[in-house]
Amino acid sequence: MKNKDKYINRELSWLQFDRRVLDEASNITNFPLDRLLFLTITASNLDEFIMVRVGGLKLLVNSNEYQVPDIVDMTPKQQLEAISKEYKKINQDQYKTLKNIQAELNNSGIVNVSIKDLSPKDLNWLANYFDTRIMPVITPMKLDLNTKVPALENLSMYELVVIKNDDPQKPFLYAAIPLQRMLQRMVRLPSVSENDFRYLFVEDIAKLFMEQLFQGKTIVETFPFRLTRNGDIAIEEEFSENLAAAMQSVLNGRLSSDCVRIEVPEDAGKESVKFLQNIFNVDEAFTIRTPGPVDLTAFKRLCFSGEYPKLAAKPWMPHPSPDIVLTKSIFKQIKDHSVLLFHPYESFDPVVKFVQKAAEDPDVLAIKQVLYRTSTDSPILRALITAAENKKYVTAVVEIKARFDEANNLHWAKKLEDAGIQVIYGVKGLKTHSKICLVVRNESSGIVRYVHYGTGNYNDATAKIYSDVGYLTADPELGMDAARFFNAVTGLSDPIPYNKIYQSPYSIKEKLLELIASEAERAKDGQEALIMAKFNSLVDKEIIDALYAASKDGVKIRLNVRGICCLRPGEKNLSENIKVISILDRFLEHARILYFHQGGDPLLFISSADWMERNLEKRIELLIPIEEEKAKEKLIQILMTSLSDTMRGRMIKSDGTYDSPKKNPKIKIRSQEVFYKMAVAQSKRKKKNKRTRFEPHKK
Amino acid sequence: MKRNIPFAVIEFGSTAIRLAIAENQGRGELRIIENLQQAVLVGRDSFHTDFISEETTTECIKAVRNFFETLKEYGILKKNITVVATTAIKTASNREQFMDRIYISTGLLINILDDADICRFSYRAVKPVLEKEVFFKKENTITLEVGGGSTDCVYFENGRVTSSHVYEQGSYRVNSKAKATEKYGSEEYQEVVQNLIGPTINKIKSIVDLTHKANLVALGSEMRFVAHLLNPKQTNTSIVKVTTSEFISVVKELAKNSVDKIAKKYSLSYENAESLLPTLMIYLELINTFKMKYFFVLEGSLRSGILQEVISTKSWTNEFKRQVYNSAMVLSKKYGVNSRFVSTVSKYSYSMLAFLSKHFEFFEEDEILLNMAAILHGTGQFISMTQDHKHAMYIIENSDLFGISSKNKTLIALIARYYCGALPSSMHEEFVLLDRINKIRVSKLAAILRITRVMSLLTNSYQKHSYKIKEDVFQIIFEKSLDIAMIQSKLINASSLFSNIYGLKVTIIAKN
């Protein structure tokens with residue numbers, strides 16, 4: 001069998017996922033602002049895709065050394081061609097969808113006003129707006145093929161102004177006007193009726209008054225454009241004495257790295273577009289002409305304004321976990337029983353509280369935590385600083401190589417260092433992607449270690465929209481493993497074998513292959529064999545081959561893969577026993593949960609790793625066995641419910657596309673709604689069970 | 001509430017510097033809460049060039065300073081850190097300069113362990129676990145820890161130590177020789193390893209009673225790793241039974257892999273991965289030699305033995321002393337000594353020393369030195385009845401005595417040497433080499449031994465007695481009637497040293 005028939009190209013799978021998100025934006029059963037949000041997600045996903053994947057492929061194409069074909073034997077050049085073709089189709093569909101959503105929003109008074117429909121009153125208001133808000137902060141930059149090109153910012157909006165020139169050798173002069181840094185992209189006009197939201201894009205306003213900037217000149221044409229630069233810049237860690245300084249140079253480099261995409265309106269003049277292509281060295285394949293406003297992420301502001309609750313689904317708020325009471329000693333409760341948290345249905349507060357309490361607790365000796373991405377005003381970071389002030393021994397492993405979060409991470413890593421925290425800037429050559437926090441406490445019985453192992457970042461903001469699991473435990477073996485993990489990643493000790501956990505780049509992949517093979521052996525013996533797993537991406541070829549082999553041996557494999565999936569499910573003589581579902585709903589599916597049937601004595605794991613070569617071989621990730629029965633049951637329930645989602649789950653077909661949504665499924669299961677309702681019910685039950693008695697404050 | 005502050009041990013080994021932190025759980029129980037290690041190949045220098053290089057010394061300092069971070073985390077002060085070094089440092093010609101450098105750079109004083117210390121700590125590491133096992137009390141047991149530079153072995157018969165040895169053959173030494181000629185893990189490599197470890201295996205064989213079943217108890221991180229690999233769920237168990245067939249399958253599997261692959265697959269440092277196969281092969285050879293169907297892996301190491309000693313407050317517990325005397329009794333039996341007689345000498349020596357301690361100053365260890373000399377003083381007669389005291393000295397000096405350091409062994413040998421014949425003299429080479437205090441110790445204890453030997457000849461078996469000092473006379477009073485006249489001449493000869501040292505004349509009084 002040829003590779004192209006066995007696997008799906010990773011990039012095209014990514015684009016399929018974007019199309020899947022776009023389907024949700026087109027789904028008229030969703031609320032209009034939710035649809036608009038899905039649309040903005042397709043746009044930001046594609047931005048990242050272009051920066052990282054297309055950027056990386058372009059580097060490969062330009063370097064003759066790496067013309068190695070991918071998993072389906074496509075060369076980088078062939079992949080770029082295929083991407084361009086598919087991407088352009090998606091782009092057209094995005095704008096068709098936008099048009100439909102806008103029509104619906106218009107009915108609710110949310111209108112993108114066209115220039116011709118502006119009233120004199122509006123024009124006066126806009127003139128004033130231009131003079132006071134726009135004019136003072138914009139400075140045109142000359143664009144000339146013969147002089148040094150100014151460093152235009154990645155993913156920022158610019159207005160191109162084409163001016164007529166008297167020199168016949170050079171009939172046009174070009175200038176770029178930055179529109180984004182200080183300016184709001186969507187400008188709301190004064191209301192004319194109750195609750196209306198009439199808006200214009202800043203580029204439309206700039207265009208309207210552009211002549212004021214170029215008085216005495218003839219403006220031939222003006223239109224907005226946006227550049228995307230290559231984001232696939234890595235630092236040469238081996239040669240970096242100071243990683244923080246090296247990372248700063250990467251950030252600087254990203255300002256001027258090669259351009260990989262230009263977006264312009266579809267009515268932009270051919271010659272002007274050609275000029276941009278030449279000056280920024282972008283080919284036609286990645287010159288994107290948009291039949292509407294460039295950069296759809298601008299609509300995020302409207303989605304999150306909160307002004308139109310009726311146009312969006314009622315938010316699902318996190319509920320307290322039934323297994324932990326925040327008003328009681330968190331350490332005592334964890335010592336009594338491990339706690340499995342399922343966010344965002346269950347609140348992230350216990351995790352925040354865990355670190356906050358540790359920071360204040362006089363018995364706590366040390367706190368150690370890996371931080372990959374976190375919020376700007378993170379309560380966890382504040383707690384770590386408090387802990388250091390309280391003379392605790394605090395270690396933060398800050399991954400400053402977390403892509404596109406480098407600047408943020410550098411900023412607060414410095415703050416942590418200033419507070420006296422021992423900051424480790426990740427591990428040479430590997431990204432530290434593990435989600436782990438260790439608290440060491442000196443109790444009357446001796447040293448006790450409390451650990452939080454998770455699948456998501458320590459980010460209280462994303463914990464409200466990402467679906468993740470976390471495990472709070474005082475299991476001594478898991479505690480010892482956590483200590484060994486930190487000793488190893490901070491360079492205090494050589495790796496010492498773990499008791500229970502597995503860590504990439506060393507042992508996760510081997511363990512997964514062993515577990516898959518073990519199920520296959522059982523299937524061959526005629527035993528029931530089942531693998532259920534939930535994660536974000538499936539790319540690793542060895543793992544896919546192992547799954548194919550297991551499927552052939554009769555193992556039932558049920559996967560919930562949110563995004564990229566290079567495995568072809570349900571293919572005859574290859575993967576007949578494999579089914580893959582992808583769920584797209586209100587919360588971003590992000591948890592990694594694994595189940596191996598093991599002859600009826602199932603093994604359950606949670607992990608920070610996706611099944612990608614990147615995670616299993618180039619990152620420090622963790623795979624944690626969950627042995628407590630209650631937690632195991634909860635994980636099985638999460639898996640089974642997710643795998644049976646008939647409302648928001650779509651099966652991946654053997655060609656890598658998703659099957660059409662079922663219009664009227666016999667059994668209606670919307671997994672995220674099930675989880676939410678369960679969390680509500682548990683929380684209500686807990687409130688009901690609460691004893692009603694007065695509890696006086698005691699000294 | 002008052003909290004226990006943990007304590008630590010740092011060990012400078014042949015392939016790594018290791019830190020173990022423990023806390024006292026009360027009732028003599030220890031809990032190890034941290035185990036860290038930094039690969040530093042001290043053995044590479046000392047075993048090959050006899051000299052620890054500047055580069056290795058700097059690496060050691062860096063490793064120890066790294067450990068300070070963890071020690072700080074637990075609030076452990078330097079006074080609560082025991083620092084020891086084994087073969088690799090011991091054999092280096094510049095060990096003194098090395099130790100000075102470590103002290104100046106880190107403030108830590110290294111204590112170089114001699115073979116007796118190593119055996120004592122190994123015993124301490126295994127004892128709390130083994131004494132709960134039925135097989136240990138009813139059968140014979142070999143405990144073995146294969147290190148980078150040496151292999152430590154303690155042999156027990158029915159739960160009692162009969163001998164202990166430290167063999168200068170370890171995984172690092174074996175691997176560095178084998179890999180120099182053959183590819184790691186290849187059949188040829190395994191053959192070279194087998195040839196290299198053959199003599200050590202034969203030495204171990206020579207101390208074991210081959211007529212009875214012997215159990216192997218393996219210590220060390222490599223064997224714990226195997227036990228965990230074979231049974232990952234048994235994480236909390238301090239002793240694990242491993243079948244030979246399972247073990248062979250692990251060794252075979254490891255032999256198929258390169259060091260890189262082993263390191264990656266099992267999350268080990270390169271140095272640990274490299275020492276894994278040769279270590280396991282040493283155990284395998286021993287298992288095959290004794291045709292064992294299974295063996296035990298114990299959670300313990302030299303470091304845990306040291307930590308165990310820290311919490312026991314006394315290094316010489318009664319139980320440990322019993323084990324030391326037992327191994328000496330086994331040795332004296334081997335040389336045809338009448339054990340009933342030496343047991344009587346030993347008991348009289350003990351009682352006399354206890355009495356004299358009320359009037360004269362003795363060291364805590366003097367009791368052990370005297371008792372060991374009492375047990376072993378007759379071994380020289382195995383060679384010849386003439387000059388037997390000199391033969392006894394030679395035998396003692398050249399035997400492995402469990403729990404006895406080389407310095408103490410010399411003292412015991414000299415005490416035994418002076419049990420009869422000439423008095424300690426500046427003409428005697430071994431005696432002259434002692435410092436003043438130890439010269440006095442030998443004389444004081446030999447003086448007691450001379451008298452207690454006469455007492456044993458008089459009574460044949462141990463008899464109830466008491467001591468008294470009346471003016472300048474030391475009286476030994478037996479409650480039973482005895483024919484004292486028979487030993488009067490012997491007493492006169494034997495008591496001259498006693499009179500010189502203690503300033504007391506000796507007389508034996510019987511109630512008749």
# chains A, B, ... in the order shown; residues from 1 in each chain; ligands from 1
>>> residues_around(residues="Lys511 (chain B)", least_positions_apart="6", cutoff="7 Å", atoms="only C-alpha atoms", output="VMD selection string")
chain B and resid 478 to 481
>>> residues_around(residues="region 43-48 of chain B", least_positions_apart="4", cutoff="7 Å", atoms="only C-alpha atoms", output="list of chain:residue names")
B:Ser14, B:Thr15, B:Ile52, B:Ser53, B:Ala88, B:Thr91, B:Ala92, B:Gly149
>>> write_last_selection(atoms="N, CA and C atoms", output="CSV table (one decimal), in the first residue's frame")
chain,number,residue,atom,x,y,z
B,14,SER,N,32.3,6.0,42.2
B,14,SER,CA,33.2,5.9,41.0
B,14,SER,C,32.7,6.6,39.8
B,15,THR,N,31.3,6.5,39.6
B,15,THR,CA,30.7,7.1,38.4
B,15,THR,C,29.8,8.3,38.7
B,52,ILE,N,43.2,12.1,40.4
B,52,ILE,CA,41.9,12.8,40.0
B,52,ILE,C,42.3,14.2,39.4
B,53,SER,N,41.8,14.4,38.1
B,53,SER,CA,42.2,15.5,37.4
B,53,SER,C,41.5,16.8,37.9
B,88,ALA,N,37.0,4.9,44.5
B,88,ALA,CA,37.6,5.8,43.5
B,88,ALA,C,38.4,6.9,44.1
B,91,THR,N,41.5,5.3,46.2
B,91,THR,CA,42.7,4.8,45.5
B,91,THR,C,43.5,5.9,44.8
B,92,ALA,N,43.0,7.1,44.8
B,92,ALA,CA,43.7,8.2,44.0
B,92,ALA,C,44.9,8.7,44.8
B,149,GLY,N,33.2,0.9,41.3
B,149,GLY,CA,34.6,0.5,41.5
B,149,GLY,C,34.8,-0.7,42.3
>>> interface_residues(of="chain B", to="chain A", cutoff="7 Å", atoms="only C-alpha atoms", output="ChimeraX atom specification")
/B:3-4,23,36-39,66-67,73-74,235,264-269
>>> select_by_dssp(residues="region 111-336 of chain B", states="strand (DSSP E or B)", output="number ranges by chain")
B: 111-112, 140-146, 151-157, 160-167, 214-219, 239-243, 294-298
>>> write_last_selection(atoms="N, CA and C atoms", output="compact mmCIF listing (two decimals), in the first residue's frame")
# COMPACT_ATOMS: atom_id res chain seq x y z
N ASN B 111 34.72 11.88 54.41
CA ASN B 111 35.23 10.78 55.21
C ASN B 111 35.40 9.58 54.27
N ILE B 112 36.64 9.15 54.08
CA ILE B 112 36.86 8.01 53.18
C ILE B 112 36.52 6.72 53.92
N ASN B 140 20.91 -19.44 54.72
CA ASN B 140 22.08 -18.59 54.54
C ASN B 140 21.80 -17.52 53.48
N THR B 141 22.42 -16.39 53.62
CA THR B 141 22.11 -15.25 52.73
C THR B 141 23.39 -14.51 52.34
N ILE B 142 23.47 -14.19 51.05
CA ILE B 142 24.57 -13.33 50.58
C ILE B 142 23.95 -12.00 50.19
N THR B 143 24.41 -10.90 50.78
CA THR B 143 23.94 -9.60 50.28
C THR B 143 25.05 -9.01 49.43
N LEU B 144 24.67 -8.46 48.30
CA LEU B 144 25.68 -8.00 47.35
C LEU B 144 25.28 -6.64 46.78
N GLU B 145 26.22 -5.71 46.77
CA GLU B 145 25.98 -4.45 46.09
C GLU B 145 27.14 -4.20 45.14
N VAL B 146 26.81 -4.16 43.85
CA VAL B 146 27.85 -3.94 42.84
C VAL B 146 27.93 -2.44 42.59
N THR B 151 32.73 -4.22 44.70
CA THR B 151 31.54 -5.03 44.98
C THR B 151 31.58 -5.39 46.47
N ASP B 152 30.51 -5.07 47.18
CA ASP B 152 30.48 -5.31 48.62
C ASP B 152 29.60 -6.52 48.91
N CYS B 153 30.11 -7.37 49.78
CA CYS B 153 29.40 -8.62 50.03
C CYS B 153 29.39 -8.92 51.53
N VAL B 154 28.23 -9.25 52.05
CA VAL B 154 28.15 -9.70 53.45
C VAL B 154 27.47 -11.06 53.41
N TYR B 155 28.06 -12.04 54.13
CA TYR B 155 27.50 -13.39 54.13
C TYR B 155 26.93 -13.70 55.51
N PHE B 156 25.69 -14.15 55.55
CA PHE B 156 25.00 -14.46 56.80
C PHE B 156 24.68 -15.95 56.82
N GLU B 157 24.90 -16.56 57.99
CA GLU B 157 24.41 -17.93 58.17
C GLU B 157 23.33 -17.88 59.23
N ARG B 160 23.06 -14.63 60.95
CA ARG B 160 24.23 -14.07 61.65
C ARG B 160 25.37 -13.87 60.66
N VAL B 161 26.01 -12.72 60.78
CA VAL B 161 27.11 -12.42 59.85
C VAL B 161 28.25 -13.39 60.11
N THR B 162 28.74 -14.02 59.06
CA THR B 162 29.91 -14.85 59.26
C THR B 162 31.13 -14.26 58.54
N SER B 163 30.89 -13.50 57.50
CA SER B 163 32.03 -12.81 56.89
C SER B 163 31.55 -11.67 56.01
N SER B 164 32.47 -10.78 55.70
CA SER B 164 32.14 -9.66 54.82
C SER B 164 33.38 -9.28 54.03
N HIS B 165 33.17 -8.86 52.81
CA HIS B 165 34.31 -8.56 51.95
C HIS B 165 33.97 -7.42 51.00
N VAL B 166 34.99 -6.67 50.65
CA VAL B 166 34.84 -5.67 49.58
C VAL B 166 35.82 -6.06 48.49
N TYR B 167 35.30 -6.39 47.31
CA TYR B 167 36.15 -6.83 46.20
C TYR B 167 36.39 -5.68 45.25
N ALA B 214 21.83 -21.10 49.71
CA ALA B 214 22.11 -19.69 49.99
C ALA B 214 21.17 -18.82 49.16
N ASN B 215 20.66 -17.77 49.79
CA ASN B 215 19.81 -16.81 49.08
C ASN B 215 20.65 -15.60 48.70
N LEU B 216 20.31 -15.01 47.58
CA LEU B 216 21.01 -13.78 47.20
C LEU B 216 20.07 -12.60 47.44
N VAL B 217 20.59 -11.59 48.10
CA VAL B 217 19.84 -10.34 48.25
C VAL B 217 20.65 -9.26 47.56
N ALA B 218 20.08 -8.71 46.49
CA ALA B 218 20.81 -7.73 45.69
C ALA B 218 20.42 -6.33 46.10
N LEU B 219 21.42 -5.47 46.21
CA LEU B 219 21.17 -4.06 46.54
C LEU B 219 21.60 -3.19 45.36
N ILE B 239 11.27 -5.29 49.74
CA ILE B 239 12.00 -6.45 49.23
C ILE B 239 11.13 -7.14 48.17
N VAL B 240 11.74 -7.46 47.05
CA VAL B 240 10.99 -8.02 45.92
C VAL B 240 11.68 -9.31 45.48
N LYS B 241 10.87 -10.33 45.22
CA LYS B 241 11.42 -11.60 44.74
C LYS B 241 11.45 -11.57 43.21
N VAL B 242 12.58 -11.93 42.64
CA VAL B 242 12.72 -11.93 41.18
C VAL B 242 13.17 -13.33 40.76
N THR B 243 12.50 -13.90 39.77
CA THR B 243 12.94 -15.24 39.33
C THR B 243 14.11 -15.09 38.37
N TYR B 294 15.71 -18.16 42.08
CA TYR B 294 15.19 -16.81 42.32
C TYR B 294 16.14 -16.07 43.26
N PHE B 295 15.94 -14.81 43.40
CA PHE B 295 16.72 -14.02 44.35
C PHE B 295 15.86 -12.83 44.80
N PHE B 296 16.40 -12.04 45.69
CA PHE B 296 15.62 -10.92 46.22
C PHE B 296 16.32 -9.59 45.90
N VAL B 297 15.52 -8.59 45.67
CA VAL B 297 16.07 -7.25 45.47
C VAL B 297 15.56 -6.40 46.63
N LEU B 298 16.49 -5.73 47.23
CA LEU B 298 16.15 -4.98 48.43
C LEU B 298 16.31 -3.48 48.21
>>> residues_around(residues="region 371-374 of chain B", least_positions_apart="6", cutoff="10 Å", atoms="only C-alpha atoms", output="ChimeraX atom specification")
/B:321,324-329,341-350,353,392-393,396,401,404,409,411-419,445-446,448-450,452-453
>>> select_by_dssp(residues="region 72-310 of chain A", states="helix (DSSP H, G or I)", output="mmCIF file with C-alpha atoms, in the first residue's frame")
data_model
loop_
_atom_site.group_PDB
_atom_site.id
_atom_site.type_symbol
_atom_site.label_atom_id
_atom_site.label_comp_id
_atom_site.auth_asym_id
_atom_site.auth_seq_id
_atom_site.Cartn_x
_atom_site.Cartn_y
_atom_site.Cartn_z
ATOM 1 C CA PRO A 76 7.613 20.541 0.569
ATOM 2 C CA LYS A 77 6.889 22.199 -2.787
ATOM 3 C CA GLN A 78 3.994 19.864 -3.532
ATOM 4 C CA GLN A 79 2.626 20.463 -0.079
ATOM 5 C CA LEU A 80 2.763 24.240 -0.540
ATOM 6 C CA GLU A 81 0.874 23.936 -3.821
ATOM 7 C CA ALA A 82 -1.796 21.759 -2.227
ATOM 8 C CA ILE A 83 -2.080 24.106 0.750
ATOM 9 C CA SER A 84 -2.468 27.172 -1.449
ATOM 10 C CA LYS A 85 -5.246 25.540 -3.428
ATOM 11 C CA GLU A 86 -7.192 24.407 -0.380
ATOM 12 C CA TYR A 87 -6.548 27.567 1.573
ATOM 13 C CA LYS A 88 -7.898 29.780 -1.186
ATOM 14 C CA LYS A 89 -11.096 27.755 -1.259
ATOM 15 C CA ILE A 90 -11.473 28.106 2.499
ATOM 16 C CA ASN A 91 -10.838 31.830 2.185
ATOM 17 C CA GLN A 92 -13.728 32.206 -0.270
ATOM 18 C CA ASP A 93 -15.999 30.175 1.995
ATOM 19 C CA GLN A 94 -15.030 32.259 5.011
ATOM 20 C CA TYR A 95 -16.336 35.390 3.318
ATOM 21 C CA LYS A 96 -19.488 33.703 2.097
ATOM 22 C CA THR A 97 -20.117 32.707 5.694
ATOM 23 C CA LEU A 98 -19.356 36.221 6.891
ATOM 24 C CA LYS A 99 -21.917 37.600 4.501
ATOM 25 C CA ASN A 100 -24.581 35.268 5.890
ATOM 26 C CA ILE A 101 -23.714 36.083 9.481
ATOM 27 C CA GLN A 102 -23.675 39.807 8.763
ATOM 28 C CA ALA A 103 -27.119 39.564 7.209
ATOM 29 C CA GLU A 104 -28.370 37.982 10.386
ATOM 30 C CA LEU A 105 -26.623 40.561 12.572
ATOM 31 C CA ASN A 106 -28.089 43.375 10.502
ATOM 32 C CA ILE A 115 -19.507 54.859 3.055
ATOM 33 C CA LYS A 116 -22.353 55.734 0.724
ATOM 34 C CA ASP A 117 -24.886 55.218 3.493
ATOM 35 C CA PRO A 120 -23.858 64.107 7.100
ATOM 36 C CA LYS A 121 -23.942 63.797 10.888
ATOM 37 C CA ASP A 122 -21.961 60.589 10.677
ATOM 38 C CA LEU A 123 -19.481 62.188 8.293
ATOM 39 C CA ASN A 124 -18.937 65.077 10.672
ATOM 40 C CA TRP A 125 -18.394 62.679 13.562
ATOM 41 C CA LEU A 126 -15.959 60.628 11.473
ATOM 42 C CA ALA A 127 -14.033 63.707 10.345
ATOM 43 C CA ASN A 128 -13.596 64.659 13.939
ATOM 44 C CA TYR A 129 -12.622 61.080 14.800
ATOM 45 C CA PHE A 130 -10.021 61.074 12.036
ATOM 46 C CA ASP A 131 -8.558 64.412 13.142
ATOM 47 C CA THR A 132 -8.386 63.600 16.819
ATOM 48 C CA ARG A 133 -7.854 59.845 17.009
ATOM 49 C CA ILE A 134 -6.285 58.676 13.782
ATOM 50 C CA MET A 135 -4.299 61.529 12.275
ATOM 51 C CA PRO A 136 -2.091 62.141 15.341
ATOM 52 C CA VAL A 137 -0.836 58.545 15.485
ATOM 53 C CA VAL A 202 -10.550 51.972 10.572
ATOM 54 C CA GLU A 203 -9.192 51.464 7.055
ATOM 55 C CA ASP A 204 -12.492 52.722 5.624
ATOM 56 C CA ILE A 205 -12.253 55.883 7.706
ATOM 57 C CA ALA A 206 -8.616 56.378 6.763
ATOM 58 C CA LYS A 207 -9.470 55.971 3.125
ATOM 59 C CA LEU A 208 -12.250 58.536 3.431
ATOM 60 C CA MET A 210 -6.658 60.150 3.169
ATOM 61 C CA GLU A 211 -6.322 63.295 1.100
ATOM 62 C CA GLN A 212 -5.720 65.263 4.271
ATOM 63 C CA GLU A 237 20.278 26.938 21.763
ATOM 64 C CA GLU A 238 23.497 25.035 21.663
ATOM 65 C CA PHE A 239 25.324 28.254 20.982
ATOM 66 C CA LEU A 243 18.758 31.983 26.480
ATOM 67 C CA ALA A 244 16.711 35.021 27.456
ATOM 68 C CA ALA A 245 18.904 37.268 25.284
ATOM 69 C CA ALA A 246 18.778 34.784 22.435
ATOM 70 C CA MET A 247 15.011 34.661 22.674
ATOM 71 C CA GLN A 248 14.857 38.435 22.450
ATOM 72 C CA SER A 249 16.790 38.201 19.207
ATOM 73 C CA VAL A 250 14.238 35.686 17.907
ATOM 74 C CA LEU A 251 11.501 38.162 18.711
ATOM 75 C CA ASN A 252 13.399 40.884 16.918
ATOM 76 C CA GLY A 253 14.003 38.497 14.050
ATOM 77 C CA ARG A 254 10.308 37.798 13.764
ATOM 78 C CA LEU A 255 9.758 41.511 13.046
ATOM 79 C CA SER A 256 11.814 41.237 9.925
ATOM 80 C CA LYS A 270 -3.405 44.459 -10.056
ATOM 81 C CA GLU A 271 -0.329 46.649 -10.435
ATOM 82 C CA SER A 272 -0.383 47.742 -6.844
ATOM 83 C CA VAL A 273 -0.697 44.139 -5.643
ATOM 84 C CA LYS A 274 2.175 43.186 -7.895
ATOM 85 C CA PHE A 275 4.221 45.963 -6.321
ATOM 86 C CA LEU A 276 3.511 44.524 -2.858
ATOM 87 C CA GLN A 277 4.368 41.002 -4.046
ATOM 88 C CA ASN A 278 7.695 42.257 -5.382
ATOM 89 C CA ILE A 279 8.680 44.367 -2.462
ATOM 90 C CA PHE A 280 7.770 41.692 0.118
ATOM 91 C CA GLU A 284 0.844 34.531 -6.128
ATOM 92 C CA ALA A 285 0.117 31.272 -4.305
ATOM 93 C CA PHE A 286 0.025 33.079 -0.996
ATOM 94 C CA LEU A 296 -11.489 38.525 10.216
ATOM 95 C CA THR A 297 -10.020 38.310 13.726
ATOM 96 C CA ALA A 298 -11.146 41.952 14.053
ATOM 97 C CA PHE A 299 -14.651 40.680 14.822
ATOM 98 C CA LYS A 300 -13.500 39.164 18.133
ATOM 99 C CA ARG A 301 -14.190 42.483 19.821
ATOM 100 C CA LEU A 302 -17.842 42.288 18.869
ATOM 101 C CA CYS A 303 -18.091 38.631 19.979
ATOM 102 C CA PRO A 309 -26.549 38.330 25.141
ATOM 103 C CA LYS A 310 -29.499 37.248 23.051
#
>>> atom_distance(atom1="CA of Leu71 (chain B)", atom2="CA of Val352 (chain A)")
27.5 Å
>>> residues_around(residues="region 174-189 of chain A", least_positions_apart="3", cutoff="7 Å", atoms="only C-alpha atoms", output="list in words")
Ile138, Thr139, Pro140, Met141, Lys142, Leu143, Asp144, Ser156, Met157, Tyr158, Glu159, Leu160, Val161, Val162, Ile163, Phe197, Arg198, Tyr199, Leu200, Phe201, Val202 and Ala298 of chain A
>>> write_last_selection(atoms="C-alpha atoms", output="short mmCIF file (atom, residue, chain, number, x, y, z; two decimals), in the first residue's frame")
data_model
loop_
_atom_site.label_atom_id
_atom_site.label_comp_id
_atom_site.auth_asym_id
_atom_site.auth_seq_id
_atom_site.Cartn_x
_atom_site.Cartn_y
_atom_site.Cartn_z
CA ILE A 138 -0.27 57.59 11.87
CA THR A 139 2.89 58.21 9.93
CA PRO A 140 3.19 57.17 6.30
CA MET A 141 6.23 55.05 5.44
CA LYS A 142 7.68 55.20 1.99
CA LEU A 143 7.80 51.91 0.11
CA ASP A 144 10.38 51.78 -2.67
CA SER A 156 -0.69 44.22 11.43
CA MET A 157 -2.98 46.21 9.20
CA TYR A 158 -1.56 48.81 6.83
CA GLU A 159 -3.16 51.04 4.27
CA LEU A 160 -1.35 51.20 0.96
CA VAL A 161 -1.53 54.60 -0.69
CA VAL A 162 -0.59 54.88 -4.36
CA ILE A 163 0.30 58.43 -5.42
CA PHE A 197 -24.10 48.84 16.70
CA ARG A 198 -23.16 50.64 13.50
CA TYR A 199 -19.52 50.31 12.74
CA LEU A 200 -16.84 51.01 10.18
CA PHE A 201 -13.37 49.58 9.90
CA VAL A 202 -10.55 51.97 10.57
CA ALA A 298 -11.15 41.95 14.05
#
>>> atom_distance(atom1="CA of Pro128 (chain B)", atom2="CA of Ser301 (chain B)")
12.4 Å
>>> residues_around(residues="Tyr450 (chain A)", least_positions_apart="4", cutoff="12 Å", atoms="only C-alpha atoms", output="PyMOL selection string")
chain A and resi 330-339+351+354-355+357-358+364-369+436-443+471-483
>>> residues_around(residues="Lys470 (chain B)", least_positions_apart="4", cutoff="12 Å", atoms="only C-alpha atoms", output="list in words")
Phe474, Gln475, Ile476, Leu504, Lys505, Val506 and Thr507 of chain B
>>> atom_distance(atom1="CA of Asp73 (chain A)", atom2="CA of Lys261 (chain B)")
27.9 Å
>>> closest_residue(among="B:Gly75, B:Pro424, B:Gly403, B:Gly336", to="Ala116 (chain B)", atoms="only C-alpha atoms")
B:Gly403
>>> residues_around(residues="Leu434 (chain B)", least_positions_apart="2", cutoff="12 Å", atoms="only C-alpha atoms", output="list in words")
Lys407, Asn408, Thr410, Leu411, Leu414, Pro424, Ser425, Ser426, His428, Glu429, Glu430, Phe431, Val432, Arg436, Ile437, Asn438, Lys439, Ile440, Arg441, Val442 and Ser443 of chain B
